[in-house]
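Engineer: I'd like to ask you about the structure that follows.
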Amino acid sequence: MWTSDSNKAYITVTSHFIFNDHLYSPVIATREIPEVYTGLNIAALLSNILIEWRIKDDKVVTIVSDNGANIKNAINESLCKHHHPCVAHTLNLSVNEAILSNKEFLDVFKKMSNTGRTFQTQCFSIGKN
């Protein structure tokens with residue numbers, strides 16, 4: 001699930017399968033979520049996508065997503081499927097938490113960011129002349 005620049009919520013569904021010894025991972029749908037994205041609404045949208053693609057319920061082994069309570073509820077409770085948390089999303093959350101909890105690192109990072117902006121501004125001004 002993701003949010004566009006215009007603040008609209010979307011869900012993108014990919015399918016991962018092996019056929020003739022090759023892994024395939026096509027995007028099968030991207031849909032706007034027009035309603036409040038509760039577990040029930042997400043589950044209904046996912047169900048509709050699976051029906052549209054004629055993917056039988058017994059072919060879905062697990063569903064990978066972020067760790068949001070609404071998507072986990074949709075997967076576990078409404079769809080009765082196994083939820084597997086996205087490793088990349090979990091790692092991203094862990095790294096962000098580690099950075100934000102380390103005051104010394106955060107101070108250095110902010111100083112370096114300011115130095116970079118100052119350098120970019122000066123280079124851009126010099127290049128314009």
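Labels used: A, B, ... for chains in the order of the structure tokens, numbers from 1 for residues in each chain, and numbers from 1 for ligands as shown.
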So that I can check the surroundings of segment 49-58 of chain A, please list as a list in words every protein, DNA and RNA residue that reaches within 9 Å of it, counting only C-alpha atoms and ignoring chain neighbours fewer than 4 positions away.
Structural biologist: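 The contact residues come out as Val13, Ile28, Ala29, Ala44 and Leu45 of chain A.
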Engineer: For Val87 of chain A, which of A:Val64, A:Ile71, A:Leu100, A:Leu106 is the closest residue, counting only C-alpha atoms?
Structural biologist: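 Ranked by minimum distance to Val87 of chain A, first place goes to A:Val64.
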Engineer: From the DSSP assignment of the backbone, select every residue of chain A that is strand (DSSP E), and format the answer as a PyMOL selection string.
Structural biologist: chain A and resi 2-3+9-14+17-19+22-24+27-32+62-65+82-85
Engineer: Figure out the distance between atom CA of Asn48 of chain A and atom CA of Leu79 of chain A, please, to one decimal in Å.
Structural biologist: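 Interatomic distance here is 11.6 Å.
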Engineer: Pick from A:Met1, A:Ala69, A:Leu93, A:Leu23: nearest to Leu46 of chain A, with only C-alpha atoms counted?
Structural biologist: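 Of all the options, A:Met1 lies closest to Leu46 of chain A.
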Engineer: Provide the atom CA of Cys86 of chain A to atom CA of Ser4 of chain A distance in Å, to one decimal place.
Structural biologist: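 Answer for the atom CA of Cys86 of chain A to atom CA of Ser4 of chain A separation: 20.3 Å.
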Engineer: For Ser15 of chain A, please output as a ChimeraX atom specification all residues within 8 Å (counting only C-alpha atoms; exclusion window: fewer than 5 positions along the same chain).
Structural biologist: /A:24-28
Engineer: Would you export the selected residues with C-alpha atoms as a JSON list (two decimals), in the first residue's frame, please?
Structural biologist:
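Below you can see result_26.json, which holds the result:
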```json
[["chain", "number", "residue", "atom", "x", "y", "z"],
["A", 24, "TYR", "CA", 8.18, -14.70, -12.30],
["A", 25, "SER", "CA", 7.01, -11.66, -10.34],
["A", 26, "PRO", "CA", 4.48, -9.69, -12.39],
["A", 27, "VAL", "CA", 2.44, -6.78, -11.07],
["A", 28, "ILE", "CA", -1.14, -7.93, -11.50]]
```
Engineer: In Å to one decimal, how far is atom CA of Ser6 of chain A from atom CA of Leu40 of chain A?
Structural biologist: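 For atom CA of Leu40 of chain A relative to atom CA of Ser6 of chain A, the distance reads 24.1 Å.
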